[in-house]
file model32.cif (mmCIF, C-alpha atoms)
data_model
loop_
_atom_site.group_PDB
_atom_site.id
_atom_site.type_symbol
_atom_site.label_atom_id
_atom_site.label_comp_id
_atom_site.auth_asym_id
_atom_site.auth_seq_id
_atom_site.Cartn_x
_atom_site.Cartn_y
_atom_site.Cartn_z
ATOM 1 C CA MET A 1168 -0.714 32.399 -22.250
ATOM 2 C CA TRP A 1169 -2.483 29.048 -21.812
ATOM 3 C CA LYS A 1170 0.827 27.179 -22.084
ATOM 4 C CA LYS A 1171 2.374 29.263 -19.285
ATOM 5 C CA ILE A 1172 -0.303 28.176 -16.803
ATOM 6 C CA SER A 1173 0.792 25.195 -14.711
ATOM 7 C CA HIS A 1174 -1.156 21.994 -15.355
ATOM 8 C CA ASN A 1175 -1.845 21.611 -11.620
ATOM 9 C CA ALA A 1176 -3.279 25.146 -11.495
ATOM 10 C CA TRP A 1177 -6.251 23.962 -13.524
ATOM 11 C CA PHE A 1178 -7.280 21.525 -10.782
ATOM 12 C CA PRO A 1179 -8.744 24.102 -8.319
ATOM 13 C CA LEU A 1180 -10.588 25.754 -11.200
ATOM 14 C CA ALA A 1181 -12.037 22.395 -12.259
ATOM 15 C CA ILE A 1182 -13.100 21.616 -8.676
ATOM 16 C CA GLY A 1183 -14.779 25.007 -8.269
ATOM 17 C CA LEU A 1184 -16.591 24.683 -11.587
ATOM 18 C CA GLY A 1185 -17.691 21.168 -10.632
ATOM 19 C CA VAL A 1186 -19.136 22.423 -7.345
ATOM 20 C CA ILE A 1187 -21.089 25.151 -9.163
ATOM 21 C CA CYS A 1188 -22.431 22.742 -11.796
ATOM 22 C CA GLY A 1189 -23.345 20.240 -9.096
ATOM 23 C CA TRP A 1190 -25.381 22.787 -7.190
ATOM 24 C CA ILE A 1191 -27.104 23.979 -10.382
ATOM 25 C CA HIS A 1192 -28.448 20.426 -10.658
ATOM 26 C CA ARG A 1193 -29.339 20.234 -14.347
ATOM 27 C CA GLU A 1194 -29.827 16.835 -15.924
ATOM 28 C CA TRP A 1195 -28.040 17.709 -19.179
ATOM 29 C CA ILE A 1196 -24.968 18.773 -17.164
ATOM 30 C CA PHE A 1197 -24.984 15.429 -15.335
ATOM 31 C CA GLN A 1198 -25.284 13.558 -18.646
ATOM 32 C CA LEU A 1199 -22.333 15.491 -20.076
ATOM 33 C CA ALA A 1200 -20.261 14.865 -16.936
ATOM 34 C CA ASP A 1201 -21.172 11.173 -16.964
ATOM 35 C CA THR A 1202 -20.077 10.834 -20.603
ATOM 36 C CA LEU A 1203 -16.784 12.670 -20.079
ATOM 37 C CA SER A 1204 -15.938 10.694 -16.929
ATOM 38 C CA LEU A 1205 -16.593 7.389 -18.693
ATOM 39 C CA LEU A 1206 -14.434 8.423 -21.651
ATOM 40 C CA PHE A 1207 -11.609 9.388 -19.302
ATOM 41 C CA LEU A 1208 -11.837 6.132 -17.348
ATOM 42 C CA ASN A 1209 -11.905 4.128 -20.575
ATOM 43 C CA LEU A 1210 -8.739 5.865 -21.749
ATOM 44 C CA LEU A 1211 -7.020 5.068 -18.451
ATOM 45 C CA LYS A 1212 -8.130 1.437 -18.598
ATOM 46 C CA LEU A 1213 -6.892 1.293 -22.182
ATOM 47 C CA VAL A 1214 -3.303 1.985 -21.095
ATOM 48 C CA SER A 1215 -3.220 0.673 -17.507
ATOM 49 C CA LEU A 1216 -3.114 -3.087 -18.153
ATOM 50 C CA PRO A 1217 -0.617 -2.890 -21.031
ATOM 51 C CA ILE A 1218 1.627 -0.717 -18.847
ATOM 52 C CA VAL A 1219 1.481 -3.259 -15.979
ATOM 53 C CA PHE A 1220 2.527 -5.924 -18.475
ATOM 54 C CA LEU A 1221 5.114 -3.927 -20.412
ATOM 55 C CA SER A 1222 6.739 -2.130 -17.486
ATOM 56 C CA ILE A 1223 7.639 -5.369 -15.715
ATOM 57 C CA ILE A 1224 8.841 -7.127 -18.881
ATOM 58 C CA SER A 1225 10.876 -4.182 -20.185
ATOM 59 C CA THR A 1226 12.486 -3.683 -16.778
ATOM 60 C CA ALA A 1227 13.161 -7.314 -15.853
ATOM 61 C CA SER A 1228 14.496 -8.220 -19.301
ATOM 62 C CA GLY A 1229 16.980 -5.347 -19.054
ATOM 63 C CA MET A 1230 18.498 -6.630 -15.795
ATOM 64 C CA GLU A 1231 21.670 -8.649 -15.672
ATOM 65 C CA ASN A 1232 20.175 -11.966 -14.542
ATOM 66 C CA LEU A 1233 17.487 -13.635 -12.465
ATOM 67 C CA GLN A 1234 19.427 -12.851 -9.286
ATOM 68 C CA ALA A 1235 19.019 -9.109 -9.847
ATOM 69 C CA VAL A 1236 15.282 -9.536 -10.335
ATOM 70 C CA LYS A 1237 15.132 -11.700 -7.217
ATOM 71 C CA GLU A 1238 16.892 -9.091 -5.070
ATOM 72 C CA LEU A 1239 14.591 -6.274 -6.188
ATOM 73 C CA GLY A 1240 11.550 -8.541 -5.843
ATOM 74 C CA GLN A 1241 12.484 -9.452 -2.271
ATOM 75 C CA LYS A 1242 12.639 -5.782 -1.307
ATOM 76 C CA VAL A 1243 9.210 -5.172 -2.832
ATOM 77 C CA VAL A 1244 7.718 -8.183 -1.028
ATOM 78 C CA LYS A 1245 9.167 -7.078 2.337
ATOM 79 C CA TYR A 1246 7.743 -3.598 1.871
ATOM 80 C CA THR A 1247 4.304 -4.860 0.831
ATOM 81 C CA LEU A 1248 4.100 -7.269 3.765
ATOM 82 C CA LEU A 1249 5.172 -4.597 6.257
ATOM 83 C CA THR A 1250 2.807 -1.874 5.057
ATOM 84 C CA THR A 1251 -0.104 -4.269 4.624
ATOM 85 C CA LEU A 1252 0.378 -5.582 8.164
ATOM 86 C CA LEU A 1253 0.476 -2.019 9.516
ATOM 87 C CA ALA A 1254 -2.608 -1.056 7.488
ATOM 88 C CA ALA A 1255 -4.553 -4.087 8.662
ATOM 89 C CA SER A 1256 -3.625 -3.304 12.277
ATOM 90 C CA VAL A 1257 -4.831 0.298 11.920
ATOM 91 C CA ALA A 1258 -8.061 -0.868 10.304
ATOM 92 C CA LEU A 1259 -8.633 -3.431 13.064
ATOM 93 C CA PHE A 1260 -8.069 -0.745 15.704
ATOM 94 C CA PHE A 1261 -10.682 1.553 14.131
ATOM 95 C CA PHE A 1262 -13.089 -1.357 13.711
ATOM 96 C CA ILE A 1263 -12.837 -2.306 17.393
ATOM 97 C CA VAL A 1264 -13.045 1.269 18.696
ATOM 98 C CA VAL A 1265 -15.785 2.595 16.387
ATOM 99 C CA ASP A 1266 -17.692 -0.709 16.105
ATOM 100 C CA PRO A 1267 -19.710 -0.141 12.884
ATOM 101 C CA VAL A 1268 -21.080 -3.705 12.893
ATOM 102 C CA GLY A 1269 -24.549 -2.544 13.879
ATOM 103 C CA VAL A 1270 -24.658 -0.286 10.831
ATOM 104 C CA ILE A 1271 -23.605 -3.048 8.455
ATOM 105 C CA GLN A 1272 -26.160 -5.474 9.883
ATOM 106 C CA SER A 1273 -29.068 -3.061 9.739
ATOM 107 C CA GLY A 1274 -31.669 -2.359 7.084
ATOM 108 C CA GLN A 1275 -30.797 -2.216 3.409
ATOM 109 C CA MET A 1276 -27.072 -2.606 4.024
ATOM 110 C CA GLN A 1277 -27.630 -6.061 5.478
ATOM 111 C CA SER A 1278 -29.481 -7.243 2.385
ATOM 112 C CA ALA A 1279 -26.748 -5.805 0.169
ATOM 113 C CA PHE A 1280 -24.022 -7.575 2.117
ATOM 114 C CA SER A 1281 -25.882 -10.853 2.397
ATOM 115 C CA GLN A 1282 -26.252 -11.131 -1.375
ATOM 116 C CA GLU A 1283 -22.487 -11.224 -1.892
ATOM 117 C CA THR A 1284 -20.606 -14.490 -1.486
ATOM 118 C CA SER A 1285 -16.818 -14.532 -1.231
ATOM 119 C CA PRO A 1286 -15.023 -16.800 -3.718
ATOM 120 C CA SER A 1287 -12.743 -19.503 -2.351
ATOM 121 C CA TYR A 1288 -8.970 -19.074 -2.312
ATOM 122 C CA LEU A 1289 -8.594 -22.053 -4.642
ATOM 123 C CA SER A 1290 -10.844 -20.457 -7.272
ATOM 124 C CA PHE A 1291 -8.838 -17.258 -6.942
ATOM 125 C CA LEU A 1292 -5.642 -19.249 -7.519
ATOM 126 C CA VAL A 1293 -7.099 -20.837 -10.667
ATOM 127 C CA GLN A 1294 -7.969 -17.394 -12.054
ATOM 128 C CA ILE A 1295 -4.347 -16.257 -11.691
ATOM 129 C CA VAL A 1296 -3.221 -18.770 -14.340
ATOM 130 C CA PRO A 1297 -5.119 -17.912 -17.567
ATOM 131 C CA SER A 1298 -5.985 -20.454 -20.251
ATOM 132 C CA ASN A 1299 -4.732 -18.119 -23.001
ATOM 133 C CA ILE A 1300 -2.749 -14.897 -23.294
ATOM 134 C CA ILE A 1301 -5.628 -12.707 -24.490
ATOM 135 C CA LEU A 1302 -8.075 -13.631 -21.708
ATOM 136 C CA PRO A 1303 -6.565 -11.553 -18.845
ATOM 137 C CA PHE A 1304 -6.551 -8.415 -20.997
ATOM 138 C CA SER A 1305 -10.101 -8.918 -22.274
ATOM 139 C CA GLU A 1306 -11.429 -9.592 -18.760
ATOM 140 C CA ASN A 1307 -9.316 -6.851 -17.123
ATOM 141 C CA HIS A 1308 -7.764 -9.378 -14.715
ATOM 142 C CA VAL A 1309 -4.761 -7.536 -13.295
ATOM 143 C CA ILE A 1310 -3.342 -10.436 -11.247
ATOM 144 C CA ALA A 1311 -3.336 -12.733 -14.286
ATOM 145 C CA VAL A 1312 -1.615 -10.044 -16.375
ATOM 146 C CA LEU A 1313 0.978 -9.695 -13.633
ATOM 147 C CA PHE A 1314 1.536 -13.461 -13.626
ATOM 148 C CA LEU A 1315 2.061 -13.473 -17.403
ATOM 149 C CA ALA A 1316 4.531 -10.596 -17.178
ATOM 150 C CA ILE A 1317 6.600 -12.300 -14.472
ATOM 151 C CA LEU A 1318 6.518 -15.646 -16.293
ATOM 152 C CA LEU A 1319 7.599 -14.139 -19.609
ATOM 153 C CA SER A 1320 10.275 -12.016 -17.914
ATOM 154 C CA ALA A 1321 11.789 -15.080 -16.261
ATOM 155 C CA ALA A 1322 11.826 -16.896 -19.606
ATOM 156 C CA MET A 1323 13.509 -13.982 -21.377
ATOM 157 C CA LEU A 1324 16.293 -13.804 -18.810
ATOM 158 C CA VAL A 1325 17.483 -17.332 -19.641
ATOM 159 C CA LEU A 1326 17.520 -16.723 -23.393
ATOM 160 C CA PRO A 1327 20.771 -16.048 -25.275
ATOM 161 C CA ASP A 1328 21.875 -12.404 -25.096
ATOM 162 C CA HIS A 1329 21.023 -11.505 -28.684
ATOM 163 C CA GLU A 1330 17.466 -12.853 -28.363
ATOM 164 C CA ARG A 1331 16.919 -11.266 -24.950
ATOM 165 C CA LYS A 1332 18.171 -7.872 -26.166
ATOM 166 C CA ALA A 1333 15.917 -8.039 -29.234
ATOM 167 C CA LEU A 1334 12.849 -8.743 -27.105
ATOM 168 C CA HIS A 1335 13.901 -6.137 -24.550
ATOM 169 C CA GLY A 1336 14.095 -3.493 -27.277
ATOM 170 C CA LEU A 1337 10.692 -4.486 -28.640
ATOM 171 C CA PHE A 1338 8.874 -4.368 -25.298
ATOM 172 C CA SER A 1339 10.704 -1.205 -24.210
ATOM 173 C CA GLY A 1340 9.532 0.499 -27.402
ATOM 174 C CA PHE A 1341 5.939 -0.504 -26.779
ATOM 175 C CA TYR A 1342 6.230 0.691 -23.173
ATOM 176 C CA ALA A 1343 7.565 4.097 -24.279
ATOM 177 C CA ALA A 1344 4.686 4.475 -26.750
ATOM 178 C CA PHE A 1345 2.069 3.738 -24.078
ATOM 179 C CA MET A 1346 3.705 6.231 -21.714
ATOM 180 C CA VAL A 1347 3.373 8.917 -24.400
ATOM 181 C CA ILE A 1348 -0.331 8.085 -24.656
ATOM 182 C CA THR A 1349 -0.541 8.319 -20.866
ATOM 183 C CA LYS A 1350 0.975 11.793 -20.978
ATOM 184 C CA TRP A 1351 -1.751 12.863 -23.392
ATOM 185 C CA VAL A 1352 -4.478 11.339 -21.219
ATOM 186 C CA VAL A 1353 -3.220 13.063 -18.055
ATOM 187 C CA LYS A 1354 -3.553 16.438 -19.793
ATOM 188 C CA LEU A 1355 -7.316 15.803 -19.792
ATOM 189 C CA MET A 1356 -7.334 15.454 -15.992
ATOM 190 C CA PRO A 1357 -8.894 18.907 -15.250
ATOM 191 C CA ILE A 1358 -11.875 18.053 -17.473
ATOM 192 C CA ALA A 1359 -12.205 14.694 -15.721
ATOM 193 C CA ILE A 1360 -12.049 16.340 -12.272
ATOM 194 C CA TRP A 1361 -14.879 18.670 -13.258
ATOM 195 C CA ALA A 1362 -16.936 15.660 -14.316
ATOM 196 C CA PHE A 1363 -16.163 13.679 -11.137
ATOM 197 C CA ILE A 1364 -16.994 16.596 -8.821
ATOM 198 C CA THR A 1365 -20.244 17.280 -10.669
ATOM 199 C CA LEU A 1366 -21.291 13.629 -10.419
ATOM 200 C CA PHE A 1367 -20.284 13.554 -6.747
ATOM 201 C CA PHE A 1368 -22.859 16.246 -5.985
ATOM 202 C CA ARG A 1369 -25.491 14.327 -7.959
ATOM 203 C CA ASP A 1370 -24.793 11.148 -5.991
ATOM 204 C CA PHE A 1371 -24.562 13.008 -2.689
ATOM 205 C CA HIS A 1372 -27.994 14.471 -3.324
ATOM 206 C CA LYS A 1373 -29.367 10.954 -3.800
ATOM 207 C CA ILE A 1374 -27.872 9.443 -0.618
ATOM 208 C CA GLY A 1375 -28.083 12.572 1.525
ATOM 209 C CA ASN A 1376 -31.029 11.221 3.507
ATOM 210 C CA HIS A 1377 -29.117 8.042 4.405
ATOM 211 C CA ILE A 1378 -25.783 9.640 5.308
ATOM 212 C CA SER A 1379 -26.445 9.395 9.052
ATOM 213 C CA HIS A 1380 -26.724 5.599 8.785
ATOM 214 C CA LEU A 1381 -23.319 5.438 7.130
ATOM 215 C CA ALA A 1382 -21.573 7.801 9.568
ATOM 216 C CA LEU A 1383 -19.798 5.149 11.678
ATOM 217 C CA TYR A 1384 -18.807 3.190 8.587
ATOM 218 C CA LEU A 1385 -17.338 6.340 7.012
ATOM 219 C CA VAL A 1386 -15.442 7.129 10.210
ATOM 220 C CA CYS A 1387 -13.783 3.700 10.055
ATOM 221 C CA VAL A 1388 -12.872 3.903 6.373
ATOM 222 C CA LEU A 1389 -11.716 7.518 6.279
ATOM 223 C CA GLY A 1390 -10.005 7.349 9.659
ATOM 224 C CA ALA A 1391 -7.971 4.260 8.782
ATOM 225 C CA ASN A 1392 -7.022 5.674 5.377
ATOM 226 C CA PHE A 1393 -5.997 8.977 6.953
ATOM 227 C CA VAL A 1394 -3.741 7.356 9.567
ATOM 228 C CA GLN A 1395 -2.165 5.033 6.989
ATOM 229 C CA GLY A 1396 -1.615 7.729 4.356
ATOM 230 C CA MET A 1397 -0.807 10.750 6.536
ATOM 231 C CA VAL A 1398 0.992 9.178 9.509
ATOM 232 C CA ILE A 1399 2.424 5.706 8.869
ATOM 233 C CA LEU A 1400 3.644 6.059 5.278
ATOM 234 C CA PRO A 1401 5.248 9.496 5.906
ATOM 235 C CA LEU A 1402 7.057 8.029 8.945
ATOM 236 C CA LEU A 1403 8.411 5.213 6.758
ATOM 237 C CA LEU A 1404 9.584 7.800 4.219
ATOM 238 C CA LEU A 1405 11.258 9.909 6.890
ATOM 239 C CA GLY A 1406 12.983 6.758 8.141
ATOM 240 C CA LYS A 1407 14.579 6.508 4.685
ATOM 241 C CA LYS A 1408 15.346 10.270 4.691
ATOM 242 C CA VAL A 1409 12.758 11.017 1.991
ATOM 243 C CA SER A 1410 10.659 14.187 2.312
ATOM 244 C CA PRO A 1411 6.923 13.262 2.334
ATOM 245 C CA VAL A 1412 6.009 16.797 1.229
ATOM 246 C CA LYS A 1413 8.367 16.704 -1.741
ATOM 247 C CA LEU A 1414 7.105 13.256 -2.714
ATOM 248 C CA PHE A 1415 3.468 14.376 -2.384
ATOM 249 C CA LYS A 1416 4.077 17.355 -4.669
ATOM 250 C CA GLY A 1417 5.800 15.192 -7.254
ATOM 251 C CA MET A 1418 3.061 12.562 -7.158
ATOM 252 C CA PHE A 1419 0.148 15.028 -7.078
ATOM 253 C CA PRO A 1420 -1.175 14.278 -10.617
ATOM 254 C CA ALA A 1421 -1.175 10.532 -9.938
ATOM 255 C CA LEU A 1422 -2.715 10.987 -6.491
ATOM 256 C CA SER A 1423 -5.453 13.146 -8.037
ATOM 257 C CA ILE A 1424 -6.290 10.441 -10.568
ATOM 258 C CA GLY A 1425 -6.356 7.790 -7.850
ATOM 259 C CA PHE A 1426 -8.562 9.935 -5.608
ATOM 260 C CA PHE A 1427 -11.161 10.892 -8.182
ATOM 261 C CA THR A 1428 -11.270 7.610 -10.123
ATOM 262 C CA LYS A 1429 -11.037 5.423 -6.977
ATOM 263 C CA SER A 1430 -8.788 3.089 -8.974
ATOM 264 C CA SER A 1431 -5.107 2.455 -8.292
ATOM 265 C CA ALA A 1432 -4.804 0.578 -11.591
ATOM 266 C CA ALA A 1433 -6.106 3.610 -13.482
ATOM 267 C CA ALA A 1434 -3.591 5.825 -11.670
ATOM 268 C CA LEU A 1435 -0.638 3.494 -12.356
ATOM 269 C CA PRO A 1436 0.544 5.012 -15.681
ATOM 270 C CA ALA A 1437 0.600 8.505 -14.196
ATOM 271 C CA ALA A 1438 2.252 7.171 -11.014
ATOM 272 C CA ILE A 1439 5.150 5.666 -12.972
ATOM 273 C CA ARG A 1440 5.584 8.833 -15.029
ATOM 274 C CA CYS A 1441 5.558 11.040 -11.908
ATOM 275 C CA MET A 1442 7.979 8.752 -10.075
ATOM 276 C CA GLU A 1443 10.523 8.950 -12.892
ATOM 277 C CA SER A 1444 10.156 12.550 -14.075
ATOM 278 C CA SER A 1445 9.122 14.461 -10.939
ATOM 279 C CA VAL A 1446 10.477 12.422 -8.013
ATOM 280 C CA GLY A 1447 13.624 11.077 -9.669
ATOM 281 C CA VAL A 1448 13.237 7.391 -8.844
ATOM 282 C CA LYS A 1449 15.289 5.099 -11.088
ATOM 283 C CA PRO A 1450 13.180 3.671 -13.957
ATOM 284 C CA ARG A 1451 14.094 0.056 -13.134
ATOM 285 C CA VAL A 1452 12.762 0.554 -9.593
ATOM 286 C CA ALA A 1453 9.609 2.486 -10.507
ATOM 287 C CA ARG A 1454 8.628 0.271 -13.450
ATOM 288 C CA PHE A 1455 9.148 -2.940 -11.489
ATOM 289 C CA SER A 1456 7.840 -2.076 -8.021
ATOM 290 C CA LEU A 1457 4.832 0.148 -8.793
ATOM 291 C CA PRO A 1458 2.901 -2.432 -10.870
ATOM 292 C CA LEU A 1459 3.501 -5.059 -8.178
ATOM 293 C CA CYS A 1460 2.481 -2.744 -5.338
ATOM 294 C CA THR A 1461 -0.564 -1.492 -7.234
ATOM 295 C CA THR A 1462 -1.720 -5.061 -7.726
ATOM 296 C CA ILE A 1463 -0.972 -6.715 -4.371
ATOM 297 C CA ASN A 1464 -0.465 -3.866 -1.913
ATOM 298 C CA MET A 1465 -3.505 -1.577 -1.974
ATOM 299 C CA ASN A 1466 -3.139 -1.224 1.786
ATOM 300 C CA GLY A 1467 -5.040 2.024 2.047
ATOM 301 C CA CYS A 1468 -8.163 -0.143 2.139
ATOM 302 C CA ALA A 1469 -6.699 -3.122 4.037
#

call {"tool": "encode", "arguments": {"input": "model32.cif", "output": "structure tokens"}}
result
Amino acid sequence: MWKKISHNAWFPLAIGLGVICGWIHREWIFQLADTLSLLFLNLLKLVSLPIVFLSIISTASGMENLQAVKELGQKVVKYTLLTTLLAASVALFFFIVVDPVGVIQSGQMQSAFSQETSPSYLSFLVQIVPSNIILPFSENHVIAVLFLAILLSAAMLVLPDHERKALHGLFSGFYAAFMVITKWVVKLMPIAIWAFITLFFRDFHKIGNHISHLALYLVCVLGANFVQGMVILPLLLLGKKVSPVKLFKGMFPALSIGFFTKSSAAALPAAIRCMESSVGVKPRVARFSLPLCTTINMNGCA
């Protein structure tokens, strides 16, 4: 009987149970939810970086030549530039109309913002090129991992065919193994949703008295994300004759992970799996474009 129940059907039940546990407001429930959420996030982080690395290498090394990689890469870059420009324009519009500057410059928020200093672009560029292969994975530096994957992929494409095919088989096997692990992790999603909803009520109880001070800021963030995700991106899909509703249904598990974990990197393994199995996107497209877009095109927050 349990096997016949759809995996997505557990989500509403988990949300409802999380709401009830949040309102009960017992410390031992919060501790349990905190532990389960951390375990789930750790599992996602365990597979997310290797999948960024392996998906690009296994896909690029299986292409005919560097020209094929270049053509697909150019399409990804054009898309990321277009959607990021649109997202930034929407965000700027909301910022000008709503004008939350007074909120940011007031009280405790000002002290929080003033303590942060933005790193220079040159220092950011230095971090992209790691001093050793292990460092990006140990420090969870996604951009550096992406750089290594692209560099190694380019090197593999100029190798003799027998060497390239051997490496392609090796990395493709590793990628398949990590995707199996991802499938197991996603099955735990209802438990994670319960934990996230429960902790949301705990945190909401703590900041409830300050919510009025954050109202304008929330209007900007949520409004811009809503327009980008529910208006602009669906229009781009319709322009390519792709049904936004069908795509949303197919990507629902990945979208749920991204929403509750607030991490696009954590949602990447599930996003690739949903794109291939539920939406029907070609593996070479999904495995190459999604890691790049996850890393450089998080335009929902632009």

call {"tool": "closest_residue", "arguments": {"input": "model32.cif", "among": "A:Ala1434, A:Val1243, A:Leu1366, A:Leu1292", "to": "Leu1205 in chain A", "atoms": "all atoms listed in the file"}}
result
A:Leu1366

call {"tool": "residues_around", "arguments": {"input": "model32.cif", "residues": "range 1417-1430 of chain A", "least_positions_apart": "2", "cutoff": "8 Å", "atoms": "all atoms listed in the file", "output": "list in words"}}
result
Asn1175, Leu1208, Val1353, Met1356, Ile1360, Phe1363, Lys1413, Leu1414, Phe1415, Ala1432, Ala1433, Ala1434, Leu1435, Ala1437, Ala1438, Cys1441, Met1442, Ser1445 and Val1446 of chain A

call {"tool": "closest_residue", "arguments": {"input": "model32.cif", "among": "A:Trp1195, A:Trp1351, A:Phe1368, A:Phe1341", "to": "Ile1224 in chain A", "atoms": "all atoms listed in the file"}}
result
A:Phe1341

call {"tool": "closest_residue", "arguments": {"input": "model32.cif", "among": "A:Pro1327, A:Gly1336, A:Pro1297, A:Gly1406", "to": "Phe1314 in chain A", "atoms": "all atoms listed in the file"}}
result
A:Pro1297

call {"tool": "resolve_selection", "arguments": {"input": "model32.cif", "expression": "the PyMOL selection byres ((chain A and resi 1209-1216) around 8)", "output": "list in words"}}
result
Leu1205, Leu1206, Phe1207, Leu1208, Pro1217, Ile1218, Val1219, Phe1220, Phe1304, Asn1307, Val1309, Val1312, Phe1345, Ile1348, Thr1349, Val1352, Ala1432, Ala1433, Ala1434, Leu1435 and Pro1436 of chain A

call {"tool": "write_last_selection", "arguments": {"input": "model32.cif", "atoms": "C-alpha atoms", "output": "PDB file, in the coordinates of the input"}}
result
ATOM      1  CA  LEU A1205     -16.593   7.389 -18.693  1.00  0.00           C
ATOM      2  CA  LEU A1206     -14.434   8.423 -21.651  1.00  0.00           C
ATOM      3  CA  PHE A1207     -11.609   9.388 -19.302  1.00  0.00           C
ATOM      4  CA  LEU A1208     -11.837   6.132 -17.348  1.00  0.00           C
ATOM      5  CA  PRO A1217      -0.617  -2.890 -21.031  1.00  0.00           C
ATOM      6  CA  ILE A1218       1.627  -0.717 -18.847  1.00  0.00           C
ATOM      7  CA  VAL A1219       1.481  -3.259 -15.979  1.00  0.00           C
ATOM      8  CA  PHE A1220       2.527  -5.924 -18.475  1.00  0.00           C
ATOM      9  CA  PHE A1304      -6.551  -8.415 -20.997  1.00  0.00           C
ATOM     10  CA  ASN A1307      -9.316  -6.851 -17.123  1.00  0.00           C
ATOM     11  CA  VAL A1309      -4.761  -7.536 -13.295  1.00  0.00           C
ATOM     12  CA  VAL A1312      -1.615 -10.044 -16.375  1.00  0.00           C
ATOM     13  CA  PHE A1345       2.069   3.738 -24.078  1.00  0.00           C
ATOM     14  CA  ILE A1348      -0.331   8.085 -24.656  1.00  0.00           C
ATOM     15  CA  THR A1349      -0.541   8.319 -20.866  1.00  0.00           C
ATOM     16  CA  VAL A1352      -4.478  11.339 -21.219  1.00  0.00           C
ATOM     17  CA  ALA A1432      -4.804   0.578 -11.591  1.00  0.00           C
ATOM     18  CA  ALA A1433      -6.106   3.610 -13.482  1.00  0.00           C
ATOM     19  CA  ALA A1434      -3.591   5.825 -11.670  1.00  0.00           C
ATOM     20  CA  LEU A1435      -0.638   3.494 -12.356  1.00  0.00           C
ATOM     21  CA  PRO A1436       0.544   5.012 -15.681  1.00  0.00           C
TER      22      PRO A1436
END

call {"tool": "resolve_selection", "arguments": {"input": "model32.cif", "expression": "the PyMOL selection byres ((chain A and resi 1227-1231) around 9)", "output": "PyMOL selection string"}}
result
chain A and resi 1222-1226+1232-1236+1317+1320-1321+1323-1324+1331-1332+1334-1336+1451+1455

call {"tool": "atom_distance", "arguments": {"input": "model32.cif", "atom1": "CA of Leu1184 in chain A", "atom2": "CA of Lys1350 in chain A"}}
result
23.7 Å

call {"tool": "resolve_selection", "arguments": {"input": "model32.cif", "expression": "the PyMOL selection byres ((chain A and resi 1357) around 9)", "output": "MDAnalysis selection string"}}
result
chainID A and resid 1174:1175 1177:1182 1353:1356 1358:1362

call {"tool": "atom_distance", "arguments": {"input": "model32.cif", "atom1": "CA of Leu1248 in chain A", "atom2": "CA of Met1397 in chain A"}}
result
18.9 Å

call {"tool": "atom_distance", "arguments": {"input": "model32.cif", "atom1": "CA of Lys1449 in chain A", "atom2": "CA of Ile1295 in chain A"}}
result
29.0 Å

call {"tool": "residues_around", "arguments": {"input": "model32.cif", "residues": "Ser1456 in chain A", "least_positions_apart": "4", "cutoff": "8 Å", "atoms": "only C-alpha atoms", "output": "ChimeraX atom specification"}}
result
/A:1240,1243,1452,1460

call {"tool": "closest_residue", "arguments": {"input": "model32.cif", "among": "A:Ala1333, A:Tyr1384, A:Val1448, A:Thr1461", "to": "Phe1262 in chain A", "atoms": "all atoms listed in the file"}}
result
A:Tyr1384
